[in-house]
There are 2 protein chains.
Amino acid sequence: MKATAIAHPNVAVVKYWGKRDNVNFLPMNNSISLTVDSLYCKVTVEFSENYDKDFATVNGGAPEQKVMERVLPHLNRIRKLAGIDLCARGAVETNFPIGVGLASSSAGFAALTAAACAAAGLKLNAKELSIISRQGSGSSCRSIYGGWAEWLAGTHSEDSYAVQLARENHWDIRLITAVVSKAARKVDTRGGMEIAKNTSPLYEARLKAVERDLPLVRKAIKDKDFDALGKIAEHEAMLLHATAITSTPPLVYWVPETVRIMQEVLALRSGGLETYFTFDTGANIHLICLPENEKEITLRLKEMPGVLQIHINKPGEGVKLVKEHLF
Amino acid sequence: MKATAIAHPNVAVVKYWGKRDNVNFLPMNNSISLTVDSLYCKVTVEFSENYDKDFATVNGGAPEQKVMERVLPHLNRIRKLAGIDLCARGAVETNFPIGVGLASSSAGFAALTAAACAAAGLKLNAKELSIISRQGSGSSCRSIYGGWAEWLAGTHSEDSYAVQLARENHWDIRLITAVVSKAARKVDTRGGMEIAKNTSPLYEARLKAVERDLPLVRKAIKDKDFDALGKIAEHEAMLLHATAITSTPPLVYWVPETVRIMQEVLALRSGGLETYFTFDTGANIHLICLPENEKEITLRLKEMPGVLQIHINKPGEGVKLVKEHLF
């Protein structure tokens, strides 16, 4: 009763930003993302009579309490589904900082769901995994799939899940992640979207803009239209932050380095180099580009002050079970 | 036929951001501002038969062409009103950089209007000056008055002007201006508001939020309620930038230092020091505070990298004619 899964974060080009159902975790709008390959999260789960409580490590250390507060209900959900009541031991390994707007929870809950379900003896298909994973962390339902995925908002728990729009080998593009801050955010994604939904006077207008953008993004992915995809992805990221900064209290997720890179991207584009940025609820920023521009953009980022890490991502695989356990 | 006027910039707590009439320069919404004292613009205008063309200097140098493209139609407007057709010599002096989001055009056109009307022999009251000044640069109609002014959007040219809400001695507060960039913006205020109005999907929602905020700001000024005023001023600045960053193309007026100071303000407030920020269409930023916190905030700003100049403003006077000419 032990299993290990690897999942990758996904970076949304149309963002998940607000729930319309806090019990079933249904989102306000459909969202579309790219699962990326170079960042990963590996999770091992074992259920055993030898354990008299649930316990886990994250990158070798004790997990934060707020992480366990989300993980334990998720484990209970899976135990209930499998009809078991054994305690679990877990271990998590990531190659990137967590809780800094790099979608660690999307990778973490996708891997946790796949590992825990397998360890509990559940045989599930991708749609079923997506539904369960969604209840642990909304955006993780997209990381079940490789390549491009769309989370269908749905109307109840059983029809709110992600589907694959295109496989990882459909389109060779790059998403270069610049880590400029490893500091914990004051307000995490779950808290931020609740504040924005409840207080930003721009929140409803954003939803209308998203409905306009969704079919354009599907078409851009299908047609491999980089310019169209980049423009909308950047705009969608700005829409999220526009509602964040106009919330009460204002949520400013950016740091000086975020803006320096945004300005650099705009300058590069003025100079004819086609690249676009996106970010989630954090200071860190992703640059989307075609393979032929990867080197130049990476060089530029390396020269910029305050860039702590660079991850060059291609479209990544969906969640998968592996044989090498963490313990 | 020579006159000199001094005017101060005004900093809006409810912003002017978009016209509904590009011929008569009528704004989409009422706006409210504080005229500040430490920044100033002095303008001398002389009409004379000795001049065979209009010419001017700005801080001793030749004015930019785009400045003259706005000044000349304004001079013609005043000449027509006065029934003269003499050419003019002008000189402008400022103690702060122009065209960097520090409301130089609000001070400049208020001073130009007062000086040129006086030089042309027109005897006008504040309302009449405000109407004329508005046609040169919208926000300048508020700098006719000291203290707090509201620009009434109106429905045609003759009922779109500013009125004074409170005199400069009504409320002793501070507005500390941190200059972090003297570089010219890629898109100025006039261009930016047009792009935002035409392309941001959040523009209409901003207008609704402004209508909600206007009576709250009037009340905060009347009651000298610093907390209420600060919160709304900051929110209104964010609303403007929310529409800017979601425009096509995106308008990012901030630089890294802008965000560093925003984060510092939020941190100071978390620590119990009540201060709020605002900015216009530029990288530079104003901190609003009560007199007792002026010193500490100024010290903090001086310690921050990238702060080029600090101006400590109190509520300032309206435009006035002076005897000391620039030539």
# chains A, B, ... in the order shown; residues from 1 in each chain; ligands from 1
>>> closest_atom_pairs(of="chain A", to="chain B", cutoff="12 Å", atoms="only C-alpha atoms", output="Markdown table")
| residue | atom | partner | partner_atom | distance |
| --- | --- | --- | --- | --- |
| A:Lys186 | CA | B:Ala267 | CA | 10.7 |
| A:Thr199 | CA | B:Ala209 | CA | 11.1 |
| A:Ser200 | CA | B:Ala209 | CA | 9.3 |
| A:Pro201 | CA | B:Ala209 | CA | 6.2 |
| A:Leu202 | CA | B:Ala205 | CA | 5.6 |
| A:Tyr203 | CA | B:Ala205 | CA | 8.7 |
| A:Glu204 | CA | B:Ala205 | CA | 8.2 |
| A:Ala205 | CA | B:Leu202 | CA | 5.6 |
| A:Arg206 | CA | B:Leu202 | CA | 6.7 |
| A:Leu207 | CA | B:Pro201 | CA | 9.8 |
| A:Lys208 | CA | B:Pro201 | CA | 8.1 |
| A:Ala209 | CA | B:Pro201 | CA | 6.2 |
| A:Val210 | CA | B:Pro201 | CA | 9.8 |
| A:Glu211 | CA | B:Pro201 | CA | 11.4 |
| A:Arg212 | CA | B:Pro201 | CA | 10.0 |
| A:Asp213 | CA | B:Pro201 | CA | 11.1 |
| A:Lys231 | CA | B:Thr248 | CA | 8.8 |
| A:Ile232 | CA | B:Thr248 | CA | 10.0 |
| A:Ala233 | CA | B:Thr246 | CA | 11.4 |
| A:Glu234 | CA | B:Pro250 | CA | 8.8 |
| A:His235 | CA | B:Thr246 | CA | 6.0 |
| A:Glu236 | CA | B:Thr246 | CA | 8.2 |
| A:Ala237 | CA | B:Thr246 | CA | 8.9 |
| A:Met238 | CA | B:Thr246 | CA | 5.7 |
| A:Leu239 | CA | B:Thr246 | CA | 6.0 |
| A:Leu240 | CA | B:Thr246 | CA | 9.5 |
| A:His241 | CA | B:Ala242 | CA | 7.7 |
| A:Ala242 | CA | B:Ala242 | CA | 4.4 |
| A:Thr243 | CA | B:Ala242 | CA | 7.3 |
| A:Ala244 | CA | B:Ala242 | CA | 9.1 |
| A:Ile245 | CA | B:Met238 | CA | 6.1 |
| A:Thr246 | CA | B:Met238 | CA | 5.7 |
| A:Ser247 | CA | B:His235 | CA | 8.0 |
| A:Thr248 | CA | B:His235 | CA | 8.1 |
| A:Pro249 | CA | B:Lys231 | CA | 8.8 |
| A:Pro250 | CA | B:His235 | CA | 7.6 |
| A:Leu251 | CA | B:Leu266 | CA | 9.6 |
| A:Val252 | CA | B:Gln263 | CA | 7.5 |
| A:Tyr253 | CA | B:Gln263 | CA | 9.3 |
| A:Trp254 | CA | B:Val259 | CA | 7.2 |
| A:Val255 | CA | B:Val259 | CA | 6.1 |
| A:Pro256 | CA | B:Pro256 | CA | 3.8 |
| A:Glu257 | CA | B:Pro256 | CA | 6.2 |
| A:Thr258 | CA | B:Pro256 | CA | 7.6 |
| A:Val259 | CA | B:Pro256 | CA | 5.4 |
| A:Arg260 | CA | B:Pro256 | CA | 5.6 |
| A:Ile261 | CA | B:Pro256 | CA | 9.2 |
| A:Met262 | CA | B:Val252 | CA | 8.3 |
| A:Gln263 | CA | B:Val252 | CA | 7.5 |
| A:Glu264 | CA | B:Val255 | CA | 10.7 |
| A:Val265 | CA | B:Val252 | CA | 11.2 |
| A:Leu266 | CA | B:Pro250 | CA | 8.8 |
| A:Ala267 | CA | B:Lys186 | CA | 10.7 |
| A:Arg269 | CA | B:Pro249 | CA | 11.1 |
| A:Ser270 | CA | B:Pro249 | CA | 11.1 |
| A:Tyr276 | CA | B:Pro250 | CA | 11.2 |
| A:Phe277 | CA | B:Pro250 | CA | 11.4 |
| A:Ala283 | CA | B:Val259 | CA | 11.1 |
| A:Pro305 | CA | B:Pro256 | CA | 11.3 |
| A:Gly306 | CA | B:Pro256 | CA | 11.1 |
>>> residues_around(residues="segment 139-155 of chain B", least_positions_apart="2", cutoff="6 Å", atoms="only C-alpha atoms", output="compact mmCIF listing (two decimals) with N, CA, C and O atoms, in the first residue's frame")
# COMPACT_ATOMS: atom_id res chain seq x y z
N ASN B 10 -1.78 69.71 -9.10
CA ASN B 10 -2.71 69.08 -8.18
C ASN B 10 -2.58 67.57 -8.33
O ASN B 10 -2.29 67.07 -9.41
N PRO B 27 -14.72 65.28 -19.39
CA PRO B 27 -14.22 64.02 -18.83
C PRO B 27 -15.34 63.00 -18.65
O PRO B 27 -16.53 63.35 -18.64
N ASN B 29 -15.74 61.28 -15.89
CA ASN B 29 -16.21 61.32 -14.51
C ASN B 29 -15.71 62.56 -13.78
O ASN B 29 -14.70 63.15 -14.16
N ASN B 30 -16.43 62.96 -12.74
CA ASN B 30 -15.93 64.00 -11.84
C ASN B 30 -14.62 63.53 -11.23
O ASN B 30 -14.41 62.32 -11.04
N SER B 31 -13.75 64.47 -10.88
CA SER B 31 -12.50 64.10 -10.23
C SER B 31 -12.22 65.09 -9.10
O SER B 31 -12.74 66.21 -9.12
N ILE B 32 -11.45 64.65 -8.13
CA ILE B 32 -11.17 65.47 -6.94
C ILE B 32 -9.67 65.45 -6.67
O ILE B 32 -9.04 64.40 -6.76
N SER B 33 -9.12 66.63 -6.35
CA SER B 33 -7.67 66.69 -6.17
C SER B 33 -7.28 67.65 -5.06
O SER B 33 -8.07 68.47 -4.60
N LEU B 34 -6.03 67.53 -4.69
CA LEU B 34 -5.39 68.45 -3.75
C LEU B 34 -4.32 69.23 -4.50
O LEU B 34 -3.42 68.63 -5.10
N THR B 35 -4.41 70.55 -4.46
CA THR B 35 -3.34 71.37 -5.02
C THR B 35 -2.20 71.38 -3.98
O THR B 35 -2.46 71.56 -2.79
N SER B 106 -0.92 70.06 -15.34
CA SER B 106 -1.97 70.72 -14.55
C SER B 106 -1.48 72.08 -14.06
O SER B 106 -2.19 73.08 -14.14
N PHE B 109 -0.63 74.50 -17.43
CA PHE B 109 -1.74 75.13 -18.15
C PHE B 109 -2.54 76.09 -17.27
O PHE B 109 -3.10 77.06 -17.76
N ALA B 110 -2.58 75.81 -15.95
CA ALA B 110 -3.24 76.77 -15.06
C ALA B 110 -2.47 78.09 -15.07
O ALA B 110 -3.06 79.18 -15.19
N SER B 130 -11.10 78.47 -15.03
CA SER B 130 -11.14 77.00 -14.96
C SER B 130 -11.66 76.41 -16.27
O SER B 130 -11.11 75.41 -16.78
N SER B 133 -8.87 76.95 -18.92
CA SER B 133 -7.71 76.11 -18.63
C SER B 133 -8.00 74.65 -18.97
O SER B 133 -7.15 73.93 -19.51
N ARG B 134 -9.21 74.19 -18.65
CA ARG B 134 -9.63 72.81 -18.93
C ARG B 134 -9.40 72.43 -20.39
O ARG B 134 -9.04 71.28 -20.71
N SER B 137 -5.53 71.67 -20.81
CA SER B 137 -5.19 70.39 -20.17
C SER B 137 -6.25 70.15 -19.11
O SER B 137 -6.39 70.94 -18.17
N ASP B 159 -20.29 74.14 -18.63
CA ASP B 159 -20.57 73.64 -17.28
C ASP B 159 -19.60 72.55 -16.85
O ASP B 159 -19.88 71.78 -15.93
N SER B 160 -18.46 72.50 -17.51
CA SER B 160 -17.42 71.55 -17.11
C SER B 160 -16.25 72.34 -16.55
O SER B 160 -15.42 72.88 -17.30
N TYR B 161 -16.18 72.47 -15.23
CA TYR B 161 -15.14 73.29 -14.58
C TYR B 161 -14.99 72.80 -13.14
O TYR B 161 -15.79 72.00 -12.65
N ALA B 162 -13.94 73.30 -12.49
CA ALA B 162 -13.69 72.88 -11.11
C ALA B 162 -14.29 73.87 -10.12
O ALA B 162 -14.46 75.05 -10.43
N VAL B 163 -14.62 73.35 -8.96
CA VAL B 163 -15.05 74.18 -7.83
C VAL B 163 -14.19 73.80 -6.62
O VAL B 163 -13.64 72.70 -6.56
N GLN B 164 -14.06 74.74 -5.70
CA GLN B 164 -13.25 74.46 -4.52
C GLN B 164 -14.11 73.72 -3.48
O GLN B 164 -15.21 74.18 -3.15
N LEU B 165 -13.59 72.60 -2.98
CA LEU B 165 -14.30 71.87 -1.92
C LEU B 165 -13.86 72.36 -0.54
O LEU B 165 -14.65 72.38 0.40
N ALA B 166 -12.58 72.70 -0.43
CA ALA B 166 -12.06 73.19 0.86
C ALA B 166 -10.78 73.97 0.59
O ALA B 166 -10.00 73.61 -0.31
N ARG B 167 -10.60 75.05 1.35
CA ARG B 167 -9.41 75.88 1.15
C ARG B 167 -8.16 75.18 1.67
O ARG B 167 -8.23 74.21 2.41
N GLU B 168 -7.00 75.75 1.31
CA GLU B 168 -5.74 75.10 1.65
C GLU B 168 -5.50 75.04 3.16
O GLU B 168 -4.75 74.19 3.64
N PRO B 315 -0.96 71.39 1.58
CA PRO B 315 -1.96 71.92 0.65
C PRO B 315 -1.50 73.28 0.13
O PRO B 315 -1.02 74.12 0.89
N GLY B 316 -1.61 73.48 -1.18
CA GLY B 316 -1.07 74.68 -1.80
C GLY B 316 -2.15 75.66 -2.24
O GLY B 316 -3.35 75.36 -2.19
N GLU B 317 -1.69 76.83 -2.67
CA GLU B 317 -2.60 77.89 -3.10
C GLU B 317 -3.04 77.69 -4.54
O GLU B 317 -2.40 76.97 -5.31
N GLY B 318 -4.08 78.39 -4.91
CA GLY B 318 -4.52 78.40 -6.29
C GLY B 318 -3.59 79.26 -7.14
O GLY B 318 -2.65 79.88 -6.64
N VAL B 319 -3.89 79.30 -8.42
CA VAL B 319 -3.06 80.08 -9.34
C VAL B 319 -3.11 81.56 -8.95
O VAL B 319 -4.14 82.06 -8.47
>>> residues_around(residues="Phe327 of chain A", least_positions_apart="6", cutoff="10 Å", atoms="only C-alpha atoms", output="PDB file with C-alpha atoms, in the first residue's frame")
ATOM      1  CA  LYS A   2       2.747   2.392  -1.049  1.00  0.00           C
ATOM      2  CA  THR A   4       4.875   7.347  -5.687  1.00  0.00           C
ATOM      3  CA  THR A  44       5.277   9.052  -1.916  1.00  0.00           C
ATOM      4  CA  VAL A  45       2.339   7.892   0.176  1.00  0.00           C
ATOM      5  CA  GLU A  46       2.134   4.737   2.254  1.00  0.00           C
ATOM      6  CA  ARG A  89       3.175   8.375   5.902  1.00  0.00           C
ATOM      7  CA  GLY A  90       4.017  10.857   3.170  1.00  0.00           C
ATOM      8  CA  ALA A  91       7.071  12.480   1.653  1.00  0.00           C
TER       9      ALA A  91
END
>>> atom_distance(atom1="atom CA of His325 of chain B", atom2="atom CA of Ala3 of chain B")
7.1 Å
>>> select_by_dssp(residues="segment 93-216 of chain A", states="strand (DSSP E or B)", output="PyMOL selection string")
chain A and resi 93-94+148-152+161-166+174-179
>>> atom_distance(atom1="atom CA of Ala220 of chain B", atom2="atom CA of Leu287 of chain B")
17.2 Å
>>> select_by_dssp(residues="segment 19-260 of chain B", states="alpha helix (DSSP H)", output="count of residues only")
102
>>> residues_around(residues="Gly101 of chain A", least_positions_apart="6", cutoff="7 Å", atoms="only C-alpha atoms", output="PyMOL selection string")
chain A and resi 280-284
>>> residues_around(residues="Asp172 of chain A", least_positions_apart="3", cutoff="10 Å", atoms="only C-alpha atoms", output="CSV table (one decimal) with N, CA, C and O atoms, in the first residue's frame")
chain,number,residue,atom,x,y,z
A,168,GLU,N,1.5,17.1,-25.0
A,168,GLU,CA,2.8,17.9,-24.8
A,168,GLU,C,3.6,18.0,-26.1
A,168,GLU,O,4.4,18.9,-26.2
A,169,ASN,N,3.4,17.1,-27.0
A,169,ASN,CA,4.2,17.1,-28.3
A,169,ASN,C,3.5,17.9,-29.4
A,169,ASN,O,4.0,18.0,-30.5
A,224,LYS,N,-1.5,26.8,-33.2
A,224,LYS,CA,-0.1,27.2,-32.8
A,224,LYS,C,0.2,28.6,-33.2
A,224,LYS,O,1.3,28.9,-33.8
A,289,CYS,N,8.0,32.0,-25.0
A,289,CYS,CA,8.7,32.3,-26.2
A,289,CYS,C,8.8,31.1,-27.1
A,289,CYS,O,8.5,30.0,-26.7
A,290,LEU,N,9.2,31.3,-28.3
A,290,LEU,CA,9.4,30.2,-29.3
A,290,LEU,C,10.8,29.6,-29.0
A,290,LEU,O,11.7,30.4,-28.5
A,291,PRO,N,11.1,28.4,-29.4
A,291,PRO,CA,12.4,27.8,-29.1
A,291,PRO,C,13.6,28.6,-29.6
A,291,PRO,O,14.6,28.7,-29.0
A,314,LYS,N,9.8,23.2,-21.2
A,314,LYS,CA,9.0,22.8,-22.4
A,314,LYS,C,7.6,22.3,-21.9
A,314,LYS,O,7.4,22.1,-20.7
A,315,PRO,N,6.7,22.0,-22.8
A,315,PRO,CA,5.5,21.4,-22.4
A,315,PRO,C,5.8,20.1,-21.7
A,315,PRO,O,6.6,19.3,-22.2
>>> residues_around(residues="Phe25 of chain A", least_positions_apart="4", cutoff="7 Å", atoms="only C-alpha atoms", output="list of chain:residue names")
A:Lys19, A:Asp21, A:Gln135, A:Gly138
>>> write_last_selection(atoms="N, CA, C and O atoms", output="PDB file, in the first residue's frame")
ATOM      1  N   LYS A  19     -13.779  31.153  -6.560  1.00  0.00           N
ATOM      2  CA  LYS A  19     -14.702  30.008  -6.529  1.00  0.00           C
ATOM      3  C   LYS A  19     -16.137  30.510  -6.502  1.00  0.00           C
ATOM      4  O   LYS A  19     -16.437  31.532  -5.920  1.00  0.00           O
ATOM      5  N   ASP A  21     -18.297  28.101  -5.492  1.00  0.00           N
ATOM      6  CA  ASP A  21     -18.806  27.111  -4.546  1.00  0.00           C
ATOM      7  C   ASP A  21     -17.632  26.680  -3.682  1.00  0.00           C
ATOM      8  O   ASP A  21     -16.712  26.001  -4.142  1.00  0.00           O
ATOM      9  N   GLN A 135     -10.501  18.865  -5.659  1.00  0.00           N
ATOM     10  CA  GLN A 135     -11.011  19.151  -4.321  1.00  0.00           C
ATOM     11  C   GLN A 135      -9.886  19.412  -3.316  1.00  0.00           C
ATOM     12  O   GLN A 135     -10.108  19.989  -2.255  1.00  0.00           O
ATOM     13  N   GLY A 138      -7.674  23.426  -6.502  1.00  0.00           N
ATOM     14  CA  GLY A 138      -8.395  23.588  -7.758  1.00  0.00           C
ATOM     15  C   GLY A 138      -7.522  23.394  -8.984  1.00  0.00           C
ATOM     16  O   GLY A 138      -7.766  22.515  -9.818  1.00  0.00           O
TER      17      GLY A 138
END
>>> atom_distance(atom1="atom CA of Leu81 of chain B", atom2="atom CA of Lys42 of chain B")
22.6 Å
